[in-house]
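Written below as C-alpha cells is the structure these notes are about.
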There are 2 protein chains.
Amino acid sequence: MSVPAAARQDGPLALICGAGSLPLAVADFVAARGRQVLLFPLQGIAKPEDFAQRPHIWIRMAQFGAAERAARAAGCSEMVWIGSLVRPSIWQLRFDWSSIKLISRIAAAFYGGDDHLLSSVARLFEEKGFRVRGAHEVAPEILVPQGALGAVQPTPQDQADIALGLDYLRATGRFDVGQAVVVARKHVLAVEAAEGTDLMLARVAEMRASGRVRTPSGTGVLVKAPKPTQDRRFDLPTIGPRTVEGIVRAGLAGIAVAAGETIVAEPMLLAQAADRGKVFVVGVADGKGP
Amino acid sequence: MSVPAAARQDGPLALICGAGSLPLAVADFVAARGRQVLLFPLQGIAKPEDFAQRPHIWIRMAQFGAAERAARAAGCSEMVWIGSLVRPSIWQLRFDWSSIKLISRIAAAFYGGDDHLLSSVARLFEEKGFRVRGAHEVAPEILVPQGALGAVQPTPQDQADIALGLDYLRATGRFDVGQAVVVARKHVLAVEAAEGTDLMLARVAEMRASGRVRTPSGTGVLVKAPKPTQDRRFDLPTIGPRTVEGIVRAGLAGIAVAAGETIVAEPMLLAQAADRGKVFVVGVADGKGP
C-alpha cells in the first residue's frame, strides 16, 4: 500500500497535549506528512496562549468521556498523548461519569509508579476502541539520533561514566523508578526517583557548592535511558534546553541518552545551549558507548 | 581459651574517633569488657568537649605517621575507626611525610566511591602491621537487633514496602552508591547517593510539601541496608534519633534496617523518639521481613 493510502487509512490523529513546546512540534511534523491533527490540550496543564492560533478542544484529565466523544465525533481512531504532565492530585480531579466508573482502577494507577498512571489511561481508551500510539511513532523526528547534537564530544573518561550510568539504569529499570543518574569519575553522585531530573540536577549543583562533590567542575555525566518496563508510547525520557542549563549549573561535562529512545524538545536550541555551555549531548546506541 | 585471656592477647584498642556520640559509647562497651581503650579523636571532626573528661590524643586525617607512632607507643596492635566522617577536601588536608608517599593511592580513593576511601585508609594501617576491625566486632551492643526498637510495628503494607526497598538495595549494591531508599506503597520515592540519608529525607519532606508525593502522610518506609561490596568494618549503615526526626518530618511510617548489620547510635533516645513520633524502627533479617 502507498504511504498516502496508509495515512488516509489512519484518519485524523487526536493529539492530547500536555505542557511544553513538544505537542506543537509533533503536530507540525504529523501535519507535514499530510495527516490531519486534532489538538486536545489538557486544561490546567497546557498553556492557552500556545493554542490561540490553532483549532483545539480543551479536555480535562478526569473527563475521559468528553475527550472520547470529541475525538470520535472528529473521526479519530488513533490518539497520542504528548507533553509533560504534572501528576495531578487525585482529589483535585473532577471525574465525569465515564471516568467515575473506573475510579478504583485510576486510584490504583495513582499509587503505582508513574508508568502505571499513563498506561492505565491508555488502556481505558483502548478498551473504548482507540489505538493509543507513541508520539515518536507518528513523528520520529523528535527522537535523539546517535552521536553528538552539538560540537563537544565526550572524553574517554566521560564514556566510562556513561557506561557505568547505563549499567546502573539497566539494573534498576524493573523498579519503575526514575530514568536518570549522574556519574562522575565512576562515582554515582545522584539517582533520580520521584523528584524528576531538574531537581536531581539542582541537588548536584548544591552538593558541588557545599563541597560534597569532590570531582572537579566539568566532570560528570547525566545519563538518561528508558526503563525496560516502561510503556514507551508516552513515557520516553525527554531532554531539552532546560536540561542543558541544569547540567551546566551542576558543573557536569555532558548528557548521554539512549539514541532512538529519547525525545528531544527544541533540538536546535538544545545544541546551541550545549555549545554555549561547552558541554556535550550525545545519543548512544545500545548502552555500548557513543 | 577463656575470654579474659583473649582480651589480654588483643592488648589495648586504638579507637579512632569521628563525630557523634557513637565513639564514646563504643569506648564504654569495650572498657566494660575489661579491655583498655585509647582514644584518638580526629581533629576538625570530633568535638573537643566530648573528650574533655577522658585521656585522648588528637590526630589528623592526613597525618597517619603520627597516629601510627602514637598507637604503637601505647602498645595497640588493633584499631577501630568509628563515628561519622565528613569526607574532607583533599586540598584541605595537610599530609605528613608518611602519608605523602601514599598520596596517589589516597587520591585514587577520593575519586572512587565512599567505600574505597575508608578501605584504603584501613589497608595503609594494615600494611604497617595493625589489625583494623569493625566497631561492631569489638562492641556488638551497637548493632540493631531483630524486631521493633520502639512500640510501633509495621503494617503488612509497610512490610511490602520494606521488601521492595531491600530488593532495590540488593540490585544496586554493586554500584557503591548510597545504602538507603524511601518506598511508599510500592513506589520508590527517593534513592540516596552522594547526598546522604538526612538530605534524602529532607527531599522527601519537600516533595510531600509541594504535592509531588501522592501517598498520604504516614505511609512510606526508609529502608537501609549495607552494600554487598562494602567493607563492613567501618561503613555499616547507622541510624540514630536524628534519623527518626528526619522520617517524621518526611511523613513516613517507619524505618527498616538490616538486623545485625546496622549500627544504632543512642538506642534509648531513638526508641523514645520513635514512640513520640508514632513511627516504627525495625531490624529485619535477611531481607525477608521483620
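Chain lettering (A, B, ...) mirrors the order of the C-alpha cells, residue numbering begins at 1 for each chain separately, and ligand numbering begins at 1 in order of display.
Around Gln146 of chain A, within 6 Å and counting only C-alpha atoms, the residues found are Ala259, Gly283 and Val284 of chain A, once anything fewer than 5 positions away on its own chain is removed.
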Could the residues in this selection be saved with C-alpha atoms as an mmCIF file, in the first residue's frame?
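See out08.cif below for the written result:
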data_model
loop_
_atom_site.group_PDB
_atom_site.id
_atom_site.type_symbol
_atom_site.label_atom_id
_atom_site.label_comp_id
_atom_site.auth_asym_id
_atom_site.auth_seq_id
_atom_site.Cartn_x
_atom_site.Cartn_y
_atom_site.Cartn_z
ATOM 1 C CA ALA A 259 19.633 7.110 20.800
ATOM 2 C CA GLY A 283 22.775 9.804 21.704
ATOM 3 C CA VAL A 284 24.365 6.449 22.481
#
Specify as a VMD selection string all residues of chain B found within 6 Å of chain A, counting only C-alpha atoms.
chain B and resid 112 to 113 177 187 to 191 193 to 194
Limited to all heavy atoms, could you put the picked residues into a file as a PDB file, in the first residue's frame?
ATOM      1  N   GLY B 112      37.123   7.383  44.013  1.00  0.00           N
ATOM      2  CA  GLY B 112      36.273   6.203  43.939  1.00  0.00           C
ATOM      3  C   GLY B 112      35.042   6.463  44.778  1.00  0.00           C
ATOM      4  O   GLY B 112      34.794   7.583  45.202  1.00  0.00           O
ATOM      5  N   GLY B 113      34.243   5.447  45.054  1.00  0.00           N
ATOM      6  CA  GLY B 113      33.071   5.611  45.925  1.00  0.00           C
ATOM      7  C   GLY B 113      33.525   5.792  47.361  1.00  0.00           C
ATOM      8  O   GLY B 113      34.703   5.706  47.683  1.00  0.00           O
ATOM      9  N   VAL B 177      26.877   2.867  45.643  1.00  0.00           N
ATOM     10  CA  VAL B 177      26.068   4.080  45.773  1.00  0.00           C
ATOM     11  C   VAL B 177      25.608   4.136  47.232  1.00  0.00           C
ATOM     12  O   VAL B 177      26.175   3.475  48.091  1.00  0.00           O
ATOM     13  CB  VAL B 177      24.863   4.046  44.798  1.00  0.00           C
ATOM     14  CG1 VAL B 177      24.192   5.394  44.699  1.00  0.00           C
ATOM     15  CG2 VAL B 177      25.314   3.606  43.435  1.00  0.00           C
ATOM     16  N   HIS B 187       6.097   2.399  45.603  1.00  0.00           N
ATOM     17  CA  HIS B 187       6.635   3.413  44.715  1.00  0.00           C
ATOM     18  C   HIS B 187       7.939   3.911  45.337  1.00  0.00           C
ATOM     19  O   HIS B 187       7.940   4.373  46.468  1.00  0.00           O
ATOM     20  CB  HIS B 187       5.614   4.546  44.596  1.00  0.00           C
ATOM     21  CG  HIS B 187       5.917   5.507  43.492  1.00  0.00           C
ATOM     22  ND1 HIS B 187       5.193   6.638  43.273  1.00  0.00           N
ATOM     23  CD2 HIS B 187       6.873   5.501  42.558  1.00  0.00           C
ATOM     24  CE1 HIS B 187       5.690   7.298  42.249  1.00  0.00           C
ATOM     25  NE2 HIS B 187       6.720   6.617  41.801  1.00  0.00           N
ATOM     26  N   VAL B 188       9.046   3.826  44.595  1.00  0.00           N
ATOM     27  CA  VAL B 188      10.324   4.325  45.100  1.00  0.00           C
ATOM     28  C   VAL B 188      10.328   5.847  44.991  1.00  0.00           C
ATOM     29  O   VAL B 188      10.321   6.392  43.897  1.00  0.00           O
ATOM     30  CB  VAL B 188      11.513   3.725  44.318  1.00  0.00           C
ATOM     31  CG1 VAL B 188      12.832   4.314  44.829  1.00  0.00           C
ATOM     32  CG2 VAL B 188      11.536   2.210  44.437  1.00  0.00           C
ATOM     33  N   LEU B 189      10.307   6.528  46.130  1.00  0.00           N
ATOM     34  CA  LEU B 189      10.234   7.996  46.129  1.00  0.00           C
ATOM     35  C   LEU B 189      11.606   8.636  46.029  1.00  0.00           C
ATOM     36  O   LEU B 189      11.754   9.710  45.448  1.00  0.00           O
ATOM     37  CB  LEU B 189       9.568   8.495  47.409  1.00  0.00           C
ATOM     38  CG  LEU B 189       8.124   8.116  47.642  1.00  0.00           C
ATOM     39  CD1 LEU B 189       7.626   8.781  48.917  1.00  0.00           C
ATOM     40  CD2 LEU B 189       7.269   8.538  46.458  1.00  0.00           C
ATOM     41  N   ALA B 190      12.609   8.032  46.638  1.00  0.00           N
ATOM     42  CA  ALA B 190      13.929   8.663  46.675  1.00  0.00           C
ATOM     43  C   ALA B 190      14.996   7.601  46.848  1.00  0.00           C
ATOM     44  O   ALA B 190      14.785   6.603  47.529  1.00  0.00           O
ATOM     45  CB  ALA B 190      14.008   9.673  47.813  1.00  0.00           C
ATOM     46  N   VAL B 191      16.122   7.830  46.188  1.00  0.00           N
ATOM     47  CA  VAL B 191      17.270   6.937  46.291  1.00  0.00           C
ATOM     48  C   VAL B 191      18.448   7.769  46.777  1.00  0.00           C
ATOM     49  O   VAL B 191      18.718   8.843  46.248  1.00  0.00           O
ATOM     50  CB  VAL B 191      17.605   6.308  44.920  1.00  0.00           C
ATOM     51  CG1 VAL B 191      18.831   5.408  45.033  1.00  0.00           C
ATOM     52  CG2 VAL B 191      16.416   5.532  44.365  1.00  0.00           C
ATOM     53  N   ALA B 193      22.253   8.767  47.132  1.00  0.00           N
ATOM     54  CA  ALA B 193      23.580   8.585  46.529  1.00  0.00           C
ATOM     55  C   ALA B 193      24.543   9.431  47.366  1.00  0.00           C
ATOM     56  O   ALA B 193      24.612   9.241  48.582  1.00  0.00           O
ATOM     57  CB  ALA B 193      23.574   8.978  45.058  1.00  0.00           C
ATOM     58  N   ALA B 194      25.241  10.389  46.739  1.00  0.00           N
ATOM     59  CA  ALA B 194      26.268  11.138  47.469  1.00  0.00           C
ATOM     60  C   ALA B 194      25.712  12.092  48.520  1.00  0.00           C
ATOM     61  O   ALA B 194      26.439  12.560  49.388  1.00  0.00           O
ATOM     62  CB  ALA B 194      27.131  11.923  46.471  1.00  0.00           C
TER      63      ALA B 194
END
To one decimal place in Å, what is the distance between atom CA of Thr219 of chain A and atom CA of Asp161 of chain A?
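Computing the Euclidean distance for atom CA of Thr219 of chain A and atom CA of Asp161 of chain A yields 9.5 Å.
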State, in Å with one decimal place, the distance from atom CA of Ala71 of chain B to atom CA of Leu124 of chain B.
14.2 Å
Minimum-distance residue to Phe51 of chain A, chosen among A:Leu24, A:Ala285, A:Val37, A:Val132 (using only C-alpha atoms)
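Nearest to Phe51 of chain A: A:Leu24.
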I need the strand (DSSP E or B) residues of segment 155-208 of chain B per DSSP on the backbone, written as a list in words.
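Result set for segment 155-208 of chain B (strand (DSSP E or B)): Ala180, Val181, Val182, Val183, Ala184, His187, Val188, Leu189, Ala190 and Val191 of chain B.
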Go ahead and write the residues just picked, N, CA, C and O atoms, as a PDB file, in the first residue's frame.
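Output (result.pdb):
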ATOM      1  N   ALA B 180      20.474   3.622  51.101  1.00  0.00           N
ATOM      2  CA  ALA B 180      19.130   3.864  51.590  1.00  0.00           C
ATOM      3  C   ALA B 180      18.183   4.263  50.471  1.00  0.00           C
ATOM      4  O   ALA B 180      18.599   4.811  49.442  1.00  0.00           O
ATOM      5  N   VAL B 181      16.904   3.965  50.706  1.00  0.00           N
ATOM      6  CA  VAL B 181      15.882   4.227  49.718  1.00  0.00           C
ATOM      7  C   VAL B 181      14.574   4.492  50.474  1.00  0.00           C
ATOM      8  O   VAL B 181      14.400   4.000  51.587  1.00  0.00           O
ATOM      9  N   VAL B 182      13.714   5.340  49.915  1.00  0.00           N
ATOM     10  CA  VAL B 182      12.398   5.553  50.525  1.00  0.00           C
ATOM     11  C   VAL B 182      11.341   4.980  49.591  1.00  0.00           C
ATOM     12  O   VAL B 182      11.289   5.328  48.404  1.00  0.00           O
ATOM     13  N   VAL B 183      10.524   4.055  50.119  1.00  0.00           N
ATOM     14  CA  VAL B 183       9.485   3.398  49.333  1.00  0.00           C
ATOM     15  C   VAL B 183       8.136   3.651  49.996  1.00  0.00           C
ATOM     16  O   VAL B 183       8.000   3.463  51.203  1.00  0.00           O
ATOM     17  N   ALA B 184       7.151   4.108  49.208  1.00  0.00           N
ATOM     18  CA  ALA B 184       5.809   4.327  49.746  1.00  0.00           C
ATOM     19  C   ALA B 184       4.805   3.632  48.848  1.00  0.00           C
ATOM     20  O   ALA B 184       4.708   3.951  47.665  1.00  0.00           O
ATOM     21  N   HIS B 187       6.097   2.399  45.603  1.00  0.00           N
ATOM     22  CA  HIS B 187       6.635   3.413  44.715  1.00  0.00           C
ATOM     23  C   HIS B 187       7.939   3.911  45.337  1.00  0.00           C
ATOM     24  O   HIS B 187       7.940   4.373  46.468  1.00  0.00           O
ATOM     25  N   VAL B 188       9.046   3.826  44.595  1.00  0.00           N
ATOM     26  CA  VAL B 188      10.324   4.325  45.100  1.00  0.00           C
ATOM     27  C   VAL B 188      10.328   5.847  44.991  1.00  0.00           C
ATOM     28  O   VAL B 188      10.321   6.392  43.897  1.00  0.00           O
ATOM     29  N   LEU B 189      10.307   6.528  46.130  1.00  0.00           N
ATOM     30  CA  LEU B 189      10.234   7.996  46.129  1.00  0.00           C
ATOM     31  C   LEU B 189      11.606   8.636  46.029  1.00  0.00           C
ATOM     32  O   LEU B 189      11.754   9.710  45.448  1.00  0.00           O
ATOM     33  N   ALA B 190      12.609   8.032  46.638  1.00  0.00           N
ATOM     34  CA  ALA B 190      13.929   8.663  46.675  1.00  0.00           C
ATOM     35  C   ALA B 190      14.996   7.601  46.848  1.00  0.00           C
ATOM     36  O   ALA B 190      14.785   6.603  47.529  1.00  0.00           O
ATOM     37  N   VAL B 191      16.122   7.830  46.188  1.00  0.00           N
ATOM     38  CA  VAL B 191      17.270   6.937  46.291  1.00  0.00           C
ATOM     39  C   VAL B 191      18.448   7.769  46.777  1.00  0.00           C
ATOM     40  O   VAL B 191      18.718   8.843  46.248  1.00  0.00           O
TER      41      VAL B 191
END
Env of segment 76-85 of chain A: 8 Å cut, atoms = only C-alpha atoms, seq-sep filter 4 positions within chain, self excluded. Answer as a list in words.
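Returned residues: Asp10, Gly11, Pro12, Leu13, Ala14, Leu15, Ile16, Cys17, Gly18, Ala19, Gly20, Ser21, Leu22, Pro23, Ile45, Ala71, Arg72, Gly129, Phe130, Arg131, Val132, Arg133, Gly134, Ala135 and Phe234 of chain A.
For the pair atom CA of Ile57 of chain B and atom CA of Gly75 of chain B, the interatomic distance is 14.2 Å.
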List as number ranges by chain the protein and nucleic acid residues near Thr262 of chain B, meaning an atom at most 7 Å away when only C-alpha atoms are counted, but skip any in the same chain fewer than 3 places from it.
B: 143-144, 236-238, 257-259
Please report, as a VMD selection string, each residue of segment 45-284 of chain A to which DSSP assigns helix (DSSP H, G or I) when run on this structure's backbone.
chain A and resid 48 to 51 64 to 73 97 to 100 103 to 111 114 to 127 135 to 138 140 to 142 156 to 175 197 to 209 241 to 249 267 to 277
Could you tell me which of B:Gly277, B:Gly173, B:Pro267, B:Pro228 comes closest to Arg249 of chain B if we count only C-alpha atoms?
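Closest to Arg249 of chain B of all the choices is B:Gly277.
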With only C-alpha atoms as the atoms that count, which of B:Val152, B:Ile162, B:Ile142, B:Ala225 lies nearest to Gly240 of chain B?
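The closest residue to Gly240 of chain B is B:Ile142.
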